[in-house]
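S.K.: Just so it is clear, I am handing over model-v1.tsv, which has TSV, C-alpha atoms.
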chain	number	residue	atom	x	y	z
A	1	MET	CA	-0.69	-15.65	-3.37
A	2	ILE	CA	-0.54	-19.36	-4.09
A	3	PHE	CA	2.08	-20.23	-6.66
A	4	SER	CA	2.91	-23.89	-5.98
A	5	SER	CA	2.50	-26.57	-3.37
A	6	ARG	CA	5.82	-25.43	-1.93
A	7	PHE	CA	5.00	-21.82	-1.28
A	8	TRP	CA	1.97	-19.75	-0.29
A	9	LEU	CA	1.37	-16.06	0.12
A	10	PHE	CA	-1.56	-13.71	0.44
A	11	ALA	CA	-1.26	-10.29	-1.18
A	12	LEU	CA	-2.32	-7.00	0.37
A	13	CYS	CA	-1.91	-3.97	-1.84
A	14	LEU	CA	-2.28	-0.21	-1.56
A	15	VAL	CA	-3.73	1.47	-4.56
A	16	ALA	CA	-0.88	3.27	-6.23
A	17	PHE	CA	-2.10	6.21	-8.20
A	18	VAL	CA	-0.70	9.17	-6.30
A	19	ALA	CA	2.44	10.99	-7.41
A	20	ARG	CA	5.61	11.27	-5.37
A	21	ALA	CA	6.76	14.60	-3.99
A	22	GLN	CA	10.35	15.77	-3.79
A	23	LEU	CA	11.96	14.44	-0.64
A	24	THR	CA	12.99	17.15	1.80
A	25	ILE	CA	13.58	15.14	4.97
A	26	ASP	CA	15.22	11.72	4.84
A	27	ILE	CA	13.73	9.50	7.52
A	28	ILE	CA	15.39	6.10	7.68
A	29	GLY	CA	14.33	3.14	9.76
A	30	GLY	CA	12.18	2.70	12.83
A	31	GLY	CA	14.74	4.37	15.08
A	32	ALA	CA	14.55	7.74	13.37
A	33	THR	CA	13.33	10.70	15.43
A	34	MET	CA	9.56	11.08	15.30
A	35	ILE	CA	7.99	14.48	14.72
A	36	PRO	CA	6.14	15.68	17.85
A	37	ILE	CA	2.78	17.13	16.83
A	38	ALA	CA	-0.23	18.36	18.78
A	39	ILE	CA	-3.61	17.86	17.12
A	40	VAL	CA	-6.11	19.91	19.06
A	41	PRO	CA	-9.70	18.57	18.92
A	42	PHE	CA	-11.56	20.71	16.40
A	43	ALA	CA	-14.24	23.04	17.72
A	44	GLY	CA	-17.62	21.50	16.95
A	45	GLU	CA	-16.38	18.02	16.07
A	46	GLN	CA	-18.10	16.37	19.05
A	47	ALA	CA	-21.34	16.52	17.05
A	48	TYR	CA	-19.90	14.30	14.31
A	49	PRO	CA	-18.36	11.10	15.69
A	50	PRO	CA	-15.89	9.63	15.12
A	51	SER	CA	-13.92	12.84	15.51
A	52	VAL	CA	-11.89	14.12	12.60
A	53	THR	CA	-8.87	14.70	14.81
A	54	SER	CA	-8.90	11.13	16.13
A	55	VAL	CA	-8.72	9.81	12.56
A	56	VAL	CA	-5.99	12.29	11.62
A	57	GLY	CA	-3.99	11.41	14.72
A	58	ALA	CA	-4.33	7.68	14.14
A	59	ASP	CA	-3.19	8.06	10.53
A	60	LEU	CA	-0.07	10.00	11.48
A	61	ALA	CA	0.77	7.74	14.42
A	62	ARG	CA	0.40	4.63	12.26
A	63	SER	CA	3.08	5.94	9.89
A	64	GLY	CA	5.64	5.62	12.67
A	65	LEU	CA	6.99	9.09	11.89
A	66	PHE	CA	4.90	11.17	14.32
A	67	ARG	CA	4.55	11.36	18.08
A	68	LEU	CA	1.23	12.78	19.27
A	69	ILE	CA	1.38	15.43	21.98
A	70	ASP	CA	-1.47	15.34	24.50
A	71	SER	CA	-3.59	18.50	24.53
A	72	THR	CA	-5.36	17.67	27.80
A	73	GLY	CA	-5.26	20.46	30.32
A	74	ILE	CA	-4.76	23.37	27.95
A	75	ALA	CA	-7.67	25.77	28.21
A	76	PRO	CA	-9.22	27.30	26.37
A	77	ARG	CA	-8.54	24.98	23.47
A	78	PRO	CA	-7.48	26.98	20.42
A	79	ALA	CA	-9.61	26.64	17.30
A	80	ARG	CA	-8.02	29.30	15.09
A	81	PRO	CA	-4.37	30.25	14.50
A	82	GLU	CA	-4.78	33.51	16.43
A	83	ASP	CA	-5.97	31.51	19.46
A	84	VAL	CA	-2.75	29.50	19.74
A	85	ARG	CA	-0.39	30.35	22.58
A	86	PHE	CA	2.72	28.74	21.13
A	87	GLY	CA	4.51	28.60	24.49
A	88	ASP	CA	1.88	26.15	25.75
A	89	TRP	CA	2.85	23.70	23.01
A	90	THR	CA	6.60	24.15	22.85
A	91	ALA	CA	6.64	23.55	26.60
A	92	ARG	CA	5.12	20.15	25.90
A	93	GLY	CA	7.67	19.43	23.21
A	94	ALA	CA	5.47	20.01	20.16
A	95	ASP	CA	7.14	21.03	16.90
A	96	ALA	CA	3.82	21.45	15.11
A	97	VAL	CA	0.24	22.24	16.11
A	98	VAL	CA	-3.01	21.55	14.26
A	99	VAL	CA	-6.18	23.50	15.05
A	100	GLY	CA	-9.54	23.61	13.32
A	101	THR	CA	-13.28	24.07	13.33
A	102	MET	CA	-16.33	22.20	12.06
A	103	VAL	CA	-19.42	24.26	11.27
A	104	PRO	CA	-22.74	22.94	9.83
A	105	GLN	CA	-23.93	24.64	6.64
A	106	PRO	CA	-27.51	25.40	5.52
A	107	ASP	CA	-27.30	22.82	2.74
A	108	GLY	CA	-26.50	20.02	5.19
A	109	ARG	CA	-22.79	19.93	4.49
A	110	ILE	CA	-20.13	20.60	7.10
A	111	GLU	CA	-17.38	23.17	6.72
A	112	VAL	CA	-14.13	21.67	7.99
A	113	ARG	CA	-11.36	24.23	8.39
A	114	PHE	CA	-7.89	23.36	9.65
A	115	THR	CA	-4.51	25.03	10.03
A	116	LEU	CA	-1.07	23.48	10.49
A	117	LEU	CA	1.36	25.67	12.45
A	118	ASP	CA	5.08	25.56	13.14
A	119	ALA	CA	5.23	25.88	16.92
A	120	ALA	CA	8.85	27.02	17.10
A	121	LYS	CA	8.74	29.58	14.28
A	122	GLN	CA	5.12	30.54	15.04
A	123	VAL	CA	4.14	30.53	11.38
A	124	GLN	CA	1.44	28.82	9.35
A	125	LEU	CA	2.57	25.86	7.22
A	126	ALA	CA	-0.76	24.91	5.64
A	127	GLY	CA	-4.44	25.67	5.86
A	128	PHE	CA	-7.45	24.36	3.98
A	129	THR	CA	-11.24	24.51	4.12
A	130	TYR	CA	-13.50	21.68	2.95
A	131	ALA	CA	-17.29	21.67	2.63
A	132	VAL	CA	-18.37	18.02	2.73
A	133	ALA	CA	-21.33	15.79	3.45
A	134	PRO	CA	-21.26	14.01	6.84
A	135	ALA	CA	-20.57	10.72	5.07
A	136	GLN	CA	-17.35	12.21	3.69
A	137	LEU	CA	-15.84	13.18	7.02
A	138	ARG	CA	-13.56	10.13	7.30
A	139	ALA	CA	-12.27	10.71	3.77
A	140	THR	CA	-11.71	14.36	4.63
A	141	SER	CA	-9.80	13.34	7.75
A	142	HIS	CA	-7.47	11.22	5.60
A	143	ARG	CA	-6.95	14.17	3.24
A	144	ILE	CA	-5.99	16.39	6.18
A	145	ALA	CA	-3.53	13.75	7.39
A	146	ASP	CA	-2.05	13.60	3.88
A	147	VAL	CA	-1.52	17.37	3.84
A	148	ILE	CA	0.17	17.32	7.24
A	149	TYR	CA	2.35	14.35	6.32
A	150	GLU	CA	3.54	15.99	3.11
A	151	LYS	CA	4.23	19.37	4.67
A	152	LEU	CA	6.29	17.90	7.50
A	153	THR	CA	8.11	15.06	5.70
A	154	GLY	CA	8.28	16.17	2.06
A	155	ASP	CA	6.61	12.97	0.85
A	156	VAL	CA	3.08	12.58	-0.46
A	157	GLY	CA	0.77	11.03	2.12
A	158	VAL	CA	-0.96	7.70	1.51
A	159	PHE	CA	-3.82	7.89	3.99
A	160	SER	CA	-6.40	8.58	1.28
A	161	THR	CA	-5.46	5.43	-0.59
A	162	ARG	CA	-7.29	2.12	-0.30
A	163	ILE	CA	-6.38	-1.47	0.39
A	164	ALA	CA	-7.70	-4.69	-1.14
A	165	TYR	CA	-7.63	-7.95	0.77
A	166	ILE	CA	-9.24	-11.36	1.11
A	167	ALA	CA	-11.32	-12.32	4.15
A	168	LYS	CA	-13.14	-15.53	5.00
A	169	GLN	CA	-16.62	-14.97	6.41
A	170	GLY	CA	-17.96	-18.28	7.60
A	171	LEU	CA	-17.75	-20.61	4.63
A	172	ARG	CA	-17.51	-17.80	2.09
A	173	TYR	CA	-14.55	-15.84	0.81
A	174	GLU	CA	-14.71	-12.12	0.06
A	175	LEU	CA	-12.53	-9.69	-1.84
A	176	LEU	CA	-12.84	-6.45	0.12
A	177	VAL	CA	-11.76	-2.87	-0.50
A	178	ALA	CA	-11.32	-0.57	2.48
A	179	GLU	CA	-9.81	2.73	3.50
A	180	ALA	CA	-6.07	2.61	4.21
A	181	ASP	CA	-6.75	2.22	7.94
A	182	GLY	CA	-9.09	-0.74	7.35
A	183	PHE	CA	-12.35	1.11	8.00
A	184	ASN	CA	-15.44	1.00	5.77
A	185	PRO	CA	-14.74	-2.33	4.04
A	186	GLN	CA	-16.81	-2.87	0.89
A	187	SER	CA	-17.34	-6.31	-0.59
A	188	VAL	CA	-16.28	-6.55	-4.23
A	189	VAL	CA	-16.48	-10.29	-4.88
A	190	LYS	CA	-17.97	-13.17	-2.89
A	191	SER	CA	-17.29	-16.84	-3.52
A	192	ASN	CA	-17.77	-20.23	-1.90
A	193	GLU	CA	-14.28	-21.12	-3.13
A	194	PRO	CA	-10.99	-19.45	-2.16
A	195	LEU	CA	-10.03	-16.06	-3.62
A	196	LEU	CA	-6.35	-15.17	-3.77
A	197	SER	CA	-3.72	-12.63	-4.81
A	198	PRO	CA	-5.63	-9.34	-5.19
A	199	VAL	CA	-3.54	-6.67	-6.92
A	200	TRP	CA	-4.51	-3.12	-7.88
A	201	SER	CA	-4.07	-1.73	-11.35
A	202	PRO	CA	-1.73	1.28	-11.16
A	203	ASP	CA	-4.56	3.57	-12.32
A	204	GLY	CA	-6.64	2.45	-9.33
A	205	THR	CA	-9.68	1.39	-11.36
A	206	ARG	CA	-9.39	-2.41	-11.36
A	207	ILE	CA	-8.26	-5.34	-9.26
A	208	ALA	CA	-6.84	-8.54	-10.67
A	209	TYR	CA	-7.22	-11.64	-8.52
A	210	VAL	CA	-7.31	-15.44	-8.59
A	211	SER	CA	-10.47	-17.44	-8.00
A	212	LEU	CA	-10.81	-21.17	-7.43
A	213	GLU	CA	-14.54	-21.17	-8.16
A	214	ASN	CA	-13.92	-23.41	-11.21
A	215	LYS	CA	-12.04	-25.88	-8.99
A	216	LYS	CA	-8.71	-24.57	-10.29
A	217	PRO	CA	-6.91	-21.20	-10.22
A	218	VAL	CA	-8.30	-18.71	-12.77
A	219	VAL	CA	-7.29	-15.04	-13.13
A	220	TYR	CA	-10.01	-12.38	-13.25
A	221	VAL	CA	-10.00	-8.59	-13.52
A	222	GLN	CA	-12.68	-6.70	-11.59
A	223	SER	CA	-13.77	-3.17	-12.48
A	224	LEU	CA	-14.53	-1.07	-9.41
A	225	ALA	CA	-16.47	1.52	-11.39
A	226	THR	CA	-18.91	-0.87	-13.10
A	227	GLY	CA	-18.75	-3.93	-10.84
A	228	GLY	CA	-18.16	-6.07	-13.91
A	229	ARG	CA	-15.42	-8.64	-14.11
A	230	GLN	CA	-13.56	-10.31	-16.94
A	231	GLN	CA	-11.88	-13.69	-17.06
A	232	VAL	CA	-8.41	-13.07	-18.45
A	233	ALA	CA	-6.56	-16.35	-17.89
A	234	ASN	CA	-8.29	-19.73	-17.81
A	235	PHE	CA	-5.92	-22.03	-19.61
A	236	ARG	CA	-5.29	-25.70	-19.00
A	237	GLY	CA	-3.66	-26.20	-15.61
A	238	SER	CA	-3.01	-23.41	-13.15
A	239	ASN	CA	-3.46	-19.67	-13.78
A	240	SER	CA	-2.12	-17.53	-10.94
A	241	ALA	CA	-0.02	-14.67	-9.52
A	242	PRO	CA	-1.21	-11.69	-11.62
A	243	ALA	CA	0.92	-8.53	-11.70
A	244	TRP	CA	0.03	-5.29	-13.49
A	245	SER	CA	2.29	-3.42	-15.87
A	246	PRO	CA	2.84	0.25	-14.95
A	247	ASP	CA	0.51	1.42	-17.75
A	248	SER	CA	-2.32	-0.83	-16.48
A	249	GLY	CA	-2.55	-2.37	-19.95
A	250	ARG	CA	-1.00	-5.78	-19.38
A	251	LEU	CA	-0.56	-8.46	-16.76
A	252	ALA	CA	2.26	-10.83	-16.02
A	253	VAL	CA	0.77	-14.14	-14.91
A	254	THR	CA	1.98	-17.61	-14.00
A	255	LEU	CA	0.56	-20.35	-16.24
A	256	SER	CA	1.18	-24.09	-16.36
A	257	LYS	CA	-0.62	-24.63	-19.66
A	258	ASP	CA	2.56	-25.79	-21.41
A	259	GLY	CA	3.96	-27.89	-18.57
A	260	SER	CA	5.67	-26.37	-15.54
A	261	SER	CA	4.58	-23.02	-14.12
A	262	GLN	CA	6.19	-20.22	-16.15
A	263	LEU	CA	5.73	-16.48	-16.64
A	264	TYR	CA	3.56	-15.11	-19.44
A	265	LEU	CA	2.57	-11.62	-20.52
A	266	ILE	CA	-1.09	-11.07	-21.36
A	267	ASN	CA	-3.26	-8.08	-22.23
A	268	ALA	CA	-5.65	-6.92	-19.52
A	269	ASP	CA	-8.54	-8.19	-21.66
A	270	GLY	CA	-6.98	-11.67	-21.91
A	271	GLY	CA	-5.55	-11.32	-25.41
A	272	ASN	CA	-2.06	-11.54	-26.89
A	273	VAL	CA	-0.50	-14.19	-24.65
A	274	GLN	CA	3.30	-14.13	-24.74
A	275	ARG	CA	5.58	-16.56	-22.93
A	276	LEU	CA	8.38	-14.87	-20.98
A	277	THR	CA	10.33	-17.69	-19.28
A	278	SER	CA	11.26	-21.30	-20.01
A	279	SER	CA	12.93	-23.12	-17.17
A	280	GLY	CA	12.85	-26.53	-15.59
A	281	GLY	CA	11.61	-25.03	-12.33
A	282	ILE	CA	8.67	-22.94	-11.18
A	283	ASP	CA	8.74	-19.25	-12.23
A	284	THR	CA	6.14	-17.10	-10.48
A	285	GLU	CA	5.39	-13.98	-8.39
A	286	ALA	CA	6.20	-11.45	-11.11
A	287	ASN	CA	6.48	-7.77	-10.23
A	288	PHE	CA	7.07	-5.03	-12.81
A	289	ALA	CA	9.73	-2.39	-12.36
A	290	PRO	CA	8.26	1.13	-12.17
A	291	ASP	CA	9.59	1.91	-15.67
A	292	GLY	CA	8.07	-1.29	-17.10
A	293	ARG	CA	11.36	-2.46	-18.60
A	294	SER	CA	12.00	-5.43	-16.33
A	295	ILE	CA	10.28	-7.89	-14.04
A	296	LEU	CA	11.37	-9.40	-10.76
A	297	PHE	CA	10.13	-12.92	-10.11
A	298	THR	CA	10.60	-15.95	-7.87
A	299	SER	CA	12.03	-19.17	-9.26
A	300	ASP	CA	13.41	-22.43	-7.92
A	301	ARG	CA	15.28	-23.09	-11.17
A	302	GLY	CA	18.55	-23.15	-9.20
A	303	GLY	CA	17.32	-25.66	-6.65
A	304	SER	CA	15.88	-23.28	-4.06
A	305	PRO	CA	13.44	-20.36	-4.23
A	306	GLN	CA	15.38	-17.23	-5.24
A	307	ILE	CA	14.61	-13.88	-6.87
A	308	TYR	CA	15.54	-13.16	-10.47
A	309	ARG	CA	15.23	-10.18	-12.81
A	310	LEU	CA	14.01	-10.48	-16.41
A	311	THR	CA	14.79	-7.68	-18.88
A	312	LEU	CA	11.80	-7.58	-21.21
A	313	THR	CA	13.56	-6.14	-24.26
A	314	THR	CA	16.31	-8.75	-24.36
A	315	GLY	CA	14.94	-11.68	-22.38
A	316	ALA	CA	18.09	-11.69	-20.23
A	317	ILE	CA	17.63	-13.17	-16.75
A	318	GLU	CA	19.82	-12.31	-13.76
A	319	ARG	CA	19.75	-13.86	-10.31
A	320	MET	CA	19.31	-11.17	-7.65
A	321	THR	CA	19.49	-13.03	-4.30
A	322	TYR	CA	22.25	-15.33	-3.10
A	323	ASP	CA	22.17	-15.04	0.68
A	324	GLY	CA	20.09	-17.85	2.14
A	325	SER	CA	18.13	-20.74	0.66
A	326	TYR	CA	14.69	-19.11	0.59
A	327	ASN	CA	14.01	-15.63	-0.87
A	328	VAL	CA	10.59	-14.98	-2.41
A	329	SER	CA	7.81	-12.46	-3.10
A	330	PRO	CA	9.75	-9.49	-4.57
A	331	ARG	CA	8.16	-6.04	-4.73
A	332	HIS	CA	9.87	-3.04	-6.32
A	333	LEU	CA	10.26	0.23	-4.46
A	334	PRO	CA	8.38	3.03	-6.25
A	335	ASP	CA	11.65	4.82	-7.04
A	336	GLY	CA	13.03	1.69	-8.71
A	337	LYS	CA	16.19	1.69	-6.59
A	338	GLY	CA	15.55	-1.58	-4.79
A	339	PHE	CA	13.02	-4.17	-3.76
A	340	VAL	CA	11.56	-5.80	-0.67
A	341	PHE	CA	11.07	-9.52	-0.34
A	342	VAL	CA	10.49	-12.37	2.10
A	343	ARG	CA	13.57	-14.24	3.28
A	344	ARG	CA	13.93	-17.18	5.61
A	345	ASP	CA	16.61	-17.09	8.30
A	346	GLY	CA	16.65	-20.43	10.03
A	347	GLY	CA	13.00	-21.10	10.74
A	348	ARG	CA	11.97	-17.42	10.76
A	349	PHE	CA	10.39	-15.53	7.87
A	350	ASN	CA	11.16	-11.81	7.68
A	351	ILE	CA	10.79	-8.90	5.26
A	352	ALA	CA	14.06	-7.62	3.82
A	353	LEU	CA	15.15	-4.79	1.53
A	354	GLN	CA	17.81	-5.09	-1.17
A	355	ASP	CA	19.43	-2.20	-3.00
A	356	PHE	CA	19.93	-2.74	-6.75
A	357	ALA	CA	23.15	-0.74	-6.95
A	358	THR	CA	24.99	-2.10	-3.91
A	359	ARG	CA	23.21	-5.46	-3.53
A	360	GLN	CA	23.20	-4.78	0.22
A	361	VAL	CA	20.37	-6.44	2.16
A	362	GLN	CA	18.66	-4.93	5.19
A	363	VAL	CA	16.28	-7.04	7.27
A	364	LEU	CA	13.27	-4.85	8.13
A	365	THR	CA	11.22	-7.07	10.45
A	366	GLN	CA	11.99	-9.32	13.39
A	367	GLY	CA	8.93	-11.55	13.42
A	368	SER	CA	8.71	-15.23	12.66
A	369	LEU	CA	5.98	-15.45	10.01
A	370	ASP	CA	6.25	-12.11	8.19
A	371	GLU	CA	5.13	-12.32	4.56
A	372	SER	CA	3.49	-10.66	1.58
A	373	PRO	CA	5.20	-7.25	1.56
A	374	SER	CA	3.42	-4.39	-0.17
A	375	ILE	CA	4.88	-0.91	-0.65
A	376	ALA	CA	2.91	2.28	-0.17
A	377	PRO	CA	2.88	4.60	-3.20
A	378	ASN	CA	5.27	7.03	-1.51
A	379	GLY	CA	7.76	4.25	-0.83
A	380	LYS	CA	7.94	5.03	2.89
A	381	LEU	CA	5.53	2.46	4.37
Would you mind writing the file out in structure tokens?

M.R.:
Amino acid sequence: MIFSSRFWLFALCLVAFVARAQLTIDIIGGGATMIPIAIVPFAGEQAYPPSVTSVVGADLARSGLFRLIDSTGIAPRPARPEDVRFGDWTARGADAVVVGTMVPQPDGRIEVRFTLLDAAKQVQLAGFTYAVAPAQLRATSHRIADVIYEKLTGDVGVFSTRIAYIAKQGLRYELLVAEADGFNPQSVVKSNEPLLSPVWSPDGTRIAYVSLENKKPVVYVQSLATGGRQQVANFRGSNSAPAWSPDSGRLAVTLSKDGSSQLYLINADGGNVQRLTSSGGIDTEANFAPDGRSILFTSDRGGSPQIYRLTLTTGAIERMTYDGSYNVSPRHLPDGKGFVFVRRDGGRFNIALQDFATRQVQVLTQGSLDESPSIAPNGKL
């Protein structure tokens, strides 16, 4: 997301239209104990590559909360709950076992049946049957992974969500939408000029982004259902950093039409422009709170880039970050209890988490050029 000559960020967002489940297991940090799970290759899946179980396993492993137990050497491989010899799996350290079958149907669809079992208690935790076209097998795999994730962690899975991102292909730029694991990318917009800052509408139907095709930043909204797009901010100067309101009806954008770059509120169709901030610095990178009552944003009004909170009903502005001389790119947690952001420690850029109530900051990454945080809808990734 480009917001001035001093800062630059690219946004990567997960579509956020799934609900949150009640938390039953609190898993904190990368050092938490992972859940050991055995995912037995489904009977019949070898006829439909890539295998369903490989996609399910990759989804769960990528979450960082599961450890996959190798099923090699166990024969015969169980395909139904009654086939499972639980001692085989507990001996390998598995807490849970997944078995299933894939059977072709006369109408060309495939029946995918799976069961999730508690290996220690020897009981069934979940079981579903899907009849899908071959082209839907990857999507079905993600759905299975979501079911397993929710049953074992208490949180809704995010593997069936999608990501939007910008890629440069030769001399052309593309806005792409893909499955959460990056597979099956679909081109949404192509341009000879840079595309920036893609952000999903909360209802998952549109993407706002910035295009430089007019030789300056202009904000557009793209409909995924119709393929049509609408220009929503093309004022004098720069138009950038779009952020959706929780009801998908409005956007916060950064405009320089009246001088320095400031925050404005605008309807999703480009109407009803309302100025939100007036400072001598650059105000940008807005992000709505889940309840829509406030906005976090980045500003250098105090001399260095810091994160502030604007209460929309009163216009009151509060500085949120004080530790360090560079804190940018705020993103609310879905539960509204805190936010993640990019902070600079020395010459290293890392992702950090700050709690609203305690103001405590936890550094989440240990890289050197970590940027553009985006929170999964369940708030866990």

S.K.: Compute the distance from (16.1, -4.1, 10.3) to each atom, counting only C-alpha atoms, keep the residues with any atom at most 9 Å away, and return them as an MDAnalysis selection string; use the coordinates of the file.

M.R.: chainID A and resid 29:30 351:353 362:366

S.K.: Residues around (10.2, 2.4, -9.0), cut-off 9 Å, counting only C-alpha atoms - what are they as an mmCIF file with C-alpha atoms, keeping the file's coordinate frame?

M.R.:
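Written out: out.cif:
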data_model
loop_
_atom_site.group_PDB
_atom_site.id
_atom_site.type_symbol
_atom_site.label_atom_id
_atom_site.label_comp_id
_atom_site.auth_asym_id
_atom_site.auth_seq_id
_atom_site.Cartn_x
_atom_site.Cartn_y
_atom_site.Cartn_z
ATOM 1 C CA PHE A 288 7.070 -5.030 -12.810
ATOM 2 C CA ALA A 289 9.730 -2.390 -12.360
ATOM 3 C CA PRO A 290 8.260 1.130 -12.170
ATOM 4 C CA ASP A 291 9.590 1.910 -15.670
ATOM 5 C CA HIS A 332 9.870 -3.040 -6.320
ATOM 6 C CA LEU A 333 10.260 0.230 -4.460
ATOM 7 C CA PRO A 334 8.380 3.030 -6.250
ATOM 8 C CA ASP A 335 11.650 4.820 -7.040
ATOM 9 C CA GLY A 336 13.030 1.690 -8.710
ATOM 10 C CA LYS A 337 16.190 1.690 -6.590
ATOM 11 C CA GLY A 338 15.550 -1.580 -4.790
ATOM 12 C CA PHE A 339 13.020 -4.170 -3.760
ATOM 13 C CA GLY A 379 7.760 4.250 -0.830
#

S.K.: For Val177 (chain A), which residue among A:Val132, A:Ala126, A:Val56, A:Ile163 is the nearest when counting all atoms listed in the file?

M.R.: A:Ile163

S.K.: Given all atoms listed in the file as the basis, pick out the residue of A:Leu276, A:Phe341, A:Pro104, A:Gly315 nearest to Thr298 (chain A).

M.R.: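 Smallest distance to Thr298 (chain A) is found for A:Phe341.
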
S.K.: Could you list, as a PyMOL selection string, every residue within 8 Å of Arg301 (chain A), counting all atoms listed in the file and ignoring same-chain residues fewer than 4 positions away?

M.R.: chain A and resi 279-283+305

S.K.: Take the residues from that selection and write them out as an mmCIF file, in the frame of the given file, keeping C-alpha atoms.

M.R.:
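Output saved as selection27.cif:
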data_model
loop_
_atom_site.group_PDB
_atom_site.id
_atom_site.type_symbol
_atom_site.label_atom_id
_atom_site.label_comp_id
_atom_site.auth_asym_id
_atom_site.auth_seq_id
_atom_site.Cartn_x
_atom_site.Cartn_y
_atom_site.Cartn_z
ATOM 1 C CA SER A 279 12.930 -23.120 -17.170
ATOM 2 C CA GLY A 280 12.850 -26.530 -15.590
ATOM 3 C CA GLY A 281 11.610 -25.030 -12.330
ATOM 4 C CA ILE A 282 8.670 -22.940 -11.180
ATOM 5 C CA ASP A 283 8.740 -19.250 -12.230
ATOM 6 C CA PRO A 305 13.440 -20.360 -4.230
#

S.K.: Find the distance between CA of Met34 (chain A) and CA of Ala119 (chain A) and write it in Å to one decimal.

M.R.: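 Between these atoms lies a distance of 15.5 Å.
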
S.K.: Which residue is closest to Asn234 (chain A)? Choose from A:Gln222, A:Gly346, A:Glu213, A:Gly249 and count only C-alpha atoms.

M.R.: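 Among the listed residues, the smallest separation from Asn234 (chain A) belongs to A:Glu213.
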
S.K.: In Å, with one decimal, what is the gap from CA of Arg359 (chain A) to CA of Ala376 (chain A)?

M.R.: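 Separating CA of Arg359 (chain A) from CA of Ala376 (chain A) is a distance of 22.0 Å.
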
S.K.: Between CA of Ala120 (chain A) and CA of Ile74 (chain A), what distance in Å does the model show, to one decimal?

M.R.: 17.8 Å

S.K.: Considering all atoms listed in the file, return as a PDB file with C-alpha atoms, in the frame of the given file whatever protein or nucleic-acid residues lie within 12 Å of Ala58 (chain A), sequence-local ones (same chain, fewer than 5 positions apart) excluded.

M.R.:
ATOM      1  CA  ILE A  39      -3.610  17.860  17.120  1.00  0.00           C
ATOM      2  CA  PRO A  50     -15.890   9.630  15.120  1.00  0.00           C
ATOM      3  CA  SER A  51     -13.920  12.840  15.510  1.00  0.00           C
ATOM      4  CA  VAL A  52     -11.890  14.120  12.600  1.00  0.00           C
ATOM      5  CA  THR A  53      -8.870  14.700  14.810  1.00  0.00           C
ATOM      6  CA  SER A  63       3.080   5.940   9.890  1.00  0.00           C
ATOM      7  CA  GLY A  64       5.640   5.620  12.670  1.00  0.00           C
ATOM      8  CA  LEU A  65       6.990   9.090  11.890  1.00  0.00           C
ATOM      9  CA  PHE A  66       4.900  11.170  14.320  1.00  0.00           C
ATOM     10  CA  ARG A  67       4.550  11.360  18.080  1.00  0.00           C
ATOM     11  CA  LEU A  68       1.230  12.780  19.270  1.00  0.00           C
ATOM     12  CA  ARG A 138     -13.560  10.130   7.300  1.00  0.00           C
ATOM     13  CA  SER A 141      -9.800  13.340   7.750  1.00  0.00           C
ATOM     14  CA  HIS A 142      -7.470  11.220   5.600  1.00  0.00           C
ATOM     15  CA  ILE A 144      -5.990  16.390   6.180  1.00  0.00           C
ATOM     16  CA  ALA A 145      -3.530  13.750   7.390  1.00  0.00           C
ATOM     17  CA  PHE A 159      -3.820   7.890   3.990  1.00  0.00           C
ATOM     18  CA  ALA A 180      -6.070   2.610   4.210  1.00  0.00           C
ATOM     19  CA  ASP A 181      -6.750   2.220   7.940  1.00  0.00           C
ATOM     20  CA  GLY A 182      -9.090  -0.740   7.350  1.00  0.00           C
TER      21      GLY A 182
END

S.K.: Using all atoms listed in the file, which of the listed residues (A:Arg80, A:Arg206, A:Arg162, A:Arg344) sits closest to Pro185 (chain A)?

M.R.: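 Using all atoms listed in the file, Pro185 (chain A) sits closest to A:Arg162.
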
S.K.: Fewer than 5 positions away in the same chain doesn't count, so skip those; otherwise give me all residues within 12 Å of Lys121 (chain A), counting all atoms listed in the file, as a PyMOL selection string.

M.R.: chain A and resi 86-87+90+94-97

S.K.: Generate the output file for the selected residues, C-alpha atoms, as a PDB file, keeping the file's coordinate frame.

M.R.:
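What follows is the written file result_9.pdb:
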ATOM      1  CA  PHE A  86       2.720  28.740  21.130  1.00  0.00           C
ATOM      2  CA  GLY A  87       4.510  28.600  24.490  1.00  0.00           C
ATOM      3  CA  THR A  90       6.600  24.150  22.850  1.00  0.00           C
ATOM      4  CA  ALA A  94       5.470  20.010  20.160  1.00  0.00           C
ATOM      5  CA  ASP A  95       7.140  21.030  16.900  1.00  0.00           C
ATOM      6  CA  ALA A  96       3.820  21.450  15.110  1.00  0.00           C
ATOM      7  CA  VAL A  97       0.240  22.240  16.110  1.00  0.00           C
TER       8      VAL A  97
END

S.K.: Closest to Ala316 (chain A) among A:Lys257, A:Glu82, A:Leu296, A:Gly271, using all atoms listed in the file?

M.R.: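 Of the candidates, the smallest distance to Ala316 (chain A) is held by A:Leu296.
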